[in-house]
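Asker: Below is the file input_25.cif, with mmCIF, C-alpha atoms.
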data_final
loop_
_atom_site.label_atom_id
_atom_site.label_comp_id
_atom_site.auth_asym_id
_atom_site.auth_seq_id
_atom_site.Cartn_x
_atom_site.Cartn_y
_atom_site.Cartn_z
CA MET A 1 -8.82 4.79 -24.83
CA GLU A 2 -7.00 7.91 -23.74
CA HIS A 3 -3.68 7.58 -21.97
CA ALA A 4 -4.33 5.85 -18.64
CA LEU A 5 -2.51 8.46 -16.57
CA HIS A 6 -4.10 11.59 -18.06
CA HIS A 7 -7.78 12.32 -17.64
CA PRO A 8 -8.88 15.81 -18.67
CA GLY A 9 -11.28 17.23 -16.14
CA HIS A 10 -10.26 14.78 -13.42
CA HIS A 11 -8.08 16.15 -10.62
CA SER A 12 -6.13 18.41 -12.98
CA GLY A 13 -3.74 19.76 -10.36
CA THR A 14 -6.48 21.15 -8.13
CA ALA A 15 -7.59 19.99 -4.74
CA HIS A 16 -10.79 18.60 -6.29
CA GLY A 17 -11.48 15.21 -4.72
CA ALA A 18 -8.69 15.59 -2.16
CA THR A 19 -10.85 15.27 0.92
CA TRP A 20 -9.66 13.57 4.06
CA SER A 21 -12.34 10.95 3.47
CA THR A 22 -10.94 10.15 0.02
CA ALA A 23 -7.39 10.01 1.41
CA VAL A 24 -8.47 7.71 4.26
CA ARG A 25 -10.21 5.34 1.82
CA ALA A 26 -7.16 5.28 -0.47
CA THR A 27 -4.87 4.64 2.50
CA LEU A 28 -7.11 1.88 3.88
CA HIS A 29 -7.06 0.26 0.44
CA CYS A 30 -3.27 0.42 0.46
CA LEU A 31 -3.06 -0.75 4.07
CA LEU A 32 -5.18 -3.82 3.39
CA GLY A 33 -2.95 -4.96 0.53
CA CYS A 34 0.23 -4.13 2.43
CA ALA A 35 -0.96 -5.86 5.58
CA LEU A 36 -1.97 -9.06 3.79
CA GLY A 37 1.30 -9.24 1.89
CA GLU A 38 3.46 -8.32 4.83
CA ILE A 39 1.78 -10.68 7.30
CA LEU A 40 2.04 -13.51 4.78
CA GLY A 41 5.71 -12.72 4.14
CA MET A 42 6.52 -12.47 7.84
CA ALA A 43 4.66 -15.71 8.55
CA ILE A 44 6.44 -17.57 5.74
CA GLY A 45 9.89 -16.24 6.63
CA THR A 46 9.43 -16.81 10.34
CA SER A 47 8.00 -20.31 9.96
CA LEU A 48 10.88 -21.27 7.62
CA MET A 49 13.30 -19.84 10.20
CA TRP A 50 14.78 -17.40 7.70
CA GLY A 51 16.85 -14.53 8.98
CA ASN A 52 15.48 -11.03 9.46
CA VAL A 53 16.67 -9.60 6.14
CA PRO A 54 15.25 -12.27 3.81
CA THR A 55 12.01 -12.34 5.80
CA MET A 56 11.61 -8.54 5.53
CA VAL A 57 12.48 -8.61 1.82
CA LEU A 58 9.81 -11.24 1.21
CA ALA A 59 7.28 -9.36 3.34
CA ILE A 60 7.91 -6.07 1.54
CA ALA A 61 7.79 -7.73 -1.89
CA LEU A 62 4.47 -9.40 -1.05
CA ALA A 63 3.12 -6.12 0.34
CA PHE A 64 3.75 -4.50 -3.05
CA VAL A 65 2.28 -7.49 -4.91
CA PHE A 66 -0.90 -7.52 -2.84
CA GLY A 67 -1.16 -3.72 -2.82
CA TYR A 68 -0.90 -3.50 -6.60
CA SER A 69 -3.16 -6.51 -7.16
CA PHE A 70 -6.13 -4.88 -5.42
CA THR A 71 -5.97 -1.91 -7.80
CA LEU A 72 -5.30 -4.14 -10.81
CA PHE A 73 -8.35 -6.29 -10.16
CA ALA A 74 -10.57 -3.26 -9.55
CA VAL A 75 -9.67 -1.41 -12.74
CA VAL A 76 -9.67 -4.54 -14.93
CA ARG A 77 -13.13 -5.34 -13.54
CA ALA A 78 -14.14 -1.80 -14.58
CA GLY A 79 -13.18 -2.61 -18.18
CA VAL A 80 -9.59 -1.39 -18.41
CA SER A 81 -7.13 -3.56 -20.34
CA PRO A 82 -4.62 -5.47 -18.21
CA ARG A 83 -1.71 -3.51 -19.73
CA ALA A 84 -3.32 -0.15 -18.93
CA ALA A 85 -4.33 -1.48 -15.49
CA VAL A 86 -0.68 -2.18 -14.66
CA LYS A 87 0.24 1.43 -15.50
CA ILE A 88 -2.65 2.72 -13.42
CA ALA A 89 -1.74 0.52 -10.43
CA LEU A 90 1.91 1.60 -10.56
CA ALA A 91 0.93 5.26 -10.73
CA ALA A 92 -1.78 4.93 -8.09
CA ASP A 93 -0.05 2.87 -5.46
CA THR A 94 3.75 3.02 -5.64
CA VAL A 95 4.31 6.04 -3.39
CA SER A 96 1.60 5.02 -0.94
CA ILE A 97 2.91 1.47 -0.59
CA ALA A 98 6.52 2.66 -0.36
CA VAL A 99 5.74 5.16 2.42
CA MET A 100 3.63 2.62 4.26
CA GLU A 101 6.32 -0.07 4.05
CA LEU A 102 9.12 2.29 5.02
CA VAL A 103 7.28 3.49 8.12
CA ASP A 104 5.90 0.10 9.12
CA ASN A 105 9.22 -1.70 8.78
CA ALA A 106 11.08 1.09 10.57
CA ILE A 107 8.69 0.71 13.52
CA ILE A 108 9.23 -3.05 13.56
CA ALA A 109 13.02 -2.68 13.26
CA LEU A 110 13.13 -0.09 16.05
CA THR A 111 10.90 -2.02 18.46
CA PRO A 112 13.23 -3.87 20.85
CA GLY A 113 12.96 -7.62 20.36
CA ALA A 114 10.38 -7.44 17.55
CA MET A 115 12.77 -8.68 14.87
CA ASP A 116 13.47 -11.82 16.90
CA ALA A 117 9.89 -12.45 18.04
CA GLN A 118 8.06 -15.55 16.83
CA LEU A 119 4.56 -15.70 15.33
CA SER A 120 3.22 -17.07 18.61
CA GLU A 121 4.49 -14.08 20.62
CA GLY A 122 2.42 -10.99 21.32
CA LEU A 123 5.42 -8.74 20.64
CA PHE A 124 5.48 -9.91 17.01
CA TRP A 125 1.85 -8.90 16.51
CA TYR A 126 1.99 -5.70 18.60
CA ALA A 127 4.98 -4.39 16.65
CA LEU A 128 3.46 -5.35 13.31
CA LEU A 129 0.01 -3.90 14.03
CA GLY A 130 1.48 -0.84 15.74
CA GLY A 131 3.66 -0.29 12.71
CA PHE A 132 0.59 -0.47 10.47
CA ALA A 133 -1.23 2.07 12.65
CA VAL A 134 1.65 4.56 12.55
CA ALA A 135 2.13 3.95 8.81
CA PHE A 136 -1.57 4.65 8.22
CA LEU A 137 -1.33 7.97 10.12
CA ILE A 138 1.72 9.06 8.12
CA THR A 139 0.57 7.77 4.72
CA THR A 140 -2.92 9.34 4.81
CA PRO A 141 -1.68 12.96 4.48
CA VAL A 142 0.74 11.84 1.75
CA ASN A 143 -2.17 10.32 -0.17
CA LYS A 144 -4.30 13.44 0.37
CA TRP A 145 -1.52 15.63 -1.02
CA MET A 146 -1.05 13.35 -4.04
CA ILE A 147 -4.76 13.02 -4.80
CA GLY A 148 -5.10 16.81 -4.66
CA ARG A 149 -2.51 17.03 -7.42
CA GLY A 150 -4.12 14.39 -9.61
CA LYS A 151 -1.52 11.79 -8.66
CA GLY A 152 -1.56 8.57 -6.66
CA HIS A 153 -4.99 7.11 -6.09
CA ALA A 154 -6.59 9.94 -8.09
CA VAL A 155 -5.68 8.11 -11.32
CA VAL A 156 -7.90 5.21 -10.26
CA HIS A 157 -11.04 7.29 -9.68
CA ALA A 158 -11.67 7.80 -13.38
CA HIS A 159 -12.04 4.02 -13.69
CA HIS A 160 -14.43 3.31 -10.81
#
Turn the structure described in the file into structure tokens.

Answerer:
Amino acid sequence: MEHALHHPGHHSGTAHGATWSTAVRATLHCLLGCALGEILGMAIGTSLMWGNVPTMVLAIALAFVFGYSFTLFAVVRAGVSPRAAVKIALAADTVSIAVMELVDNAIIALTPGAMDAQLSEGLFWYALLGGFAVAFLITTPVNKWMIGRGKGHAVVHAHH
């Protein structure tokens, strides 16, 4: 198998495949993994009455785990070896997840009272979901730019 991150003829630095539709799908894929991981992390940390920092660290770590796992499962299912799949997932999702988590957590941190809100409070969910919405809007153009240069989610498309 050729090197997992280089696919001649696929997105070789051109805007080929870098449509808004492709970027939206890539960002939704990232958002789903991030949201599942982050909600789980926030729920665990909050229910265990952890402080804000350990709860956010857990939530961010789980967002990366879930985000990467979606890509890993998809490319392994397509016949890629697990070792190559890890490289593909890291290349495909790291920037997208990092931008999404940075924006989302900044929104939560900057929303008055959100860091102290409990799972049963609307503020907790409004800040979290609002953060995801803003993160989606900011991450989509980042993904479009990366895909147009053969980076990010573009490395996955050769394996679908």

Asker: Residues within 7 Å of region 39-50 of chain A, please, as number ranges by chain. Count all atoms listed in the file; anything in the same chain fewer than 2 positions from it doesn't count.

Answerer: A: 35-37, 52, 54-56, 58-59, 62, 118-119

Asker: To one decimal place in Å, what is the distance between CA of Val99 (chain A) and CA of Thr139 (chain A)?

Answerer: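 Answer for the CA of Val99 (chain A) to CA of Thr139 (chain A) separation: 6.2 Å.
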
Asker: Point out the residue among A:Ala84, A:Leu128, A:Ala106, A:Leu28 with the least atom-to-atom distance to Phe70 (chain A), counting only C-alpha atoms.

Answerer: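 For Phe70 (chain A), the nearest of the given residues is A:Leu28.
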
Asker: Give me the residues within 9 Å of Ala135 (chain A) as a compact mmCIF listing (two decimals) with C-alpha atoms, in the coordinates of the input, counting only C-alpha atoms and dropping any in the same chain fewer than 6 places off.

Answerer:
# COMPACT_ATOMS: atom_id res chain seq x y z
CA LEU A 31 -3.06 -0.75 4.07
CA VAL A 99 5.74 5.16 2.42
CA MET A 100 3.63 2.62 4.26
CA GLU A 101 6.32 -0.07 4.05
CA LEU A 102 9.12 2.29 5.02
CA VAL A 103 7.28 3.49 8.12
CA ASP A 104 5.90 0.10 9.12
CA ILE A 107 8.69 0.71 13.52

Asker: Taking all atoms listed in the file into account, name the residue in A:Gly67, A:Gly131, A:Gly113, A:Pro141 that is nearest to Ala89 (chain A).

Answerer: A:Gly67

Asker: Would you compute the distance between CA of Ala109 (chain A) and CA of Asn143 (chain A)? Give it in Å to one decimal.

Answerer: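 So the answer is 24.1 Å.
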
Asker: Please compute the CA of Leu110 (chain A)-CA of Phe124 (chain A) distance, one decimal, in Å.

Answerer: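 Interatomic distance here is 12.5 Å.
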
Asker: Using only C-alpha atoms, find the one residue out of A:Ala23, A:Cys34, A:Val134, A:Leu129 that sits nearest to Thr94 (chain A).

Answerer: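 Closest candidate: A:Cys34.
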
Asker: Could you pull region 130-153 of chain A out of the block above and save it with C-alpha atoms, as a compact mmCIF listing (two decimals), in the first residue's frame?

Answerer:
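Printed below is selection28.txt as written:
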# COMPACT_ATOMS: atom_id res chain seq x y z
CA GLY A 130 -24.12 27.25 21.43
CA GLY A 131 -20.40 26.59 21.61
CA PHE A 132 -20.80 23.68 19.19
CA ALA A 133 -22.77 25.87 16.78
CA VAL A 134 -20.14 28.62 16.78
CA ALA A 135 -17.34 26.04 16.53
CA PHE A 136 -19.06 24.47 13.51
CA LEU A 137 -19.29 27.87 11.77
CA ILE A 138 -15.61 28.60 12.38
CA THR A 139 -14.29 25.09 11.68
CA THR A 140 -16.10 24.59 8.35
CA PRO A 141 -14.02 27.19 6.42
CA VAL A 142 -10.86 25.79 8.05
CA ASN A 143 -11.78 22.32 6.78
CA LYS A 144 -12.60 23.68 3.31
CA TRP A 145 -9.21 25.36 3.13
CA MET A 146 -7.41 22.20 4.27
CA ILE A 147 -9.33 19.87 1.95
CA GLY A 148 -8.52 22.17 -0.98
CA ARG A 149 -4.84 21.66 -0.22
CA GLY A 150 -5.07 17.89 0.08
CA LYS A 151 -4.87 18.03 3.87
CA GLY A 152 -7.27 17.29 6.71
CA HIS A 153 -10.28 15.24 5.74
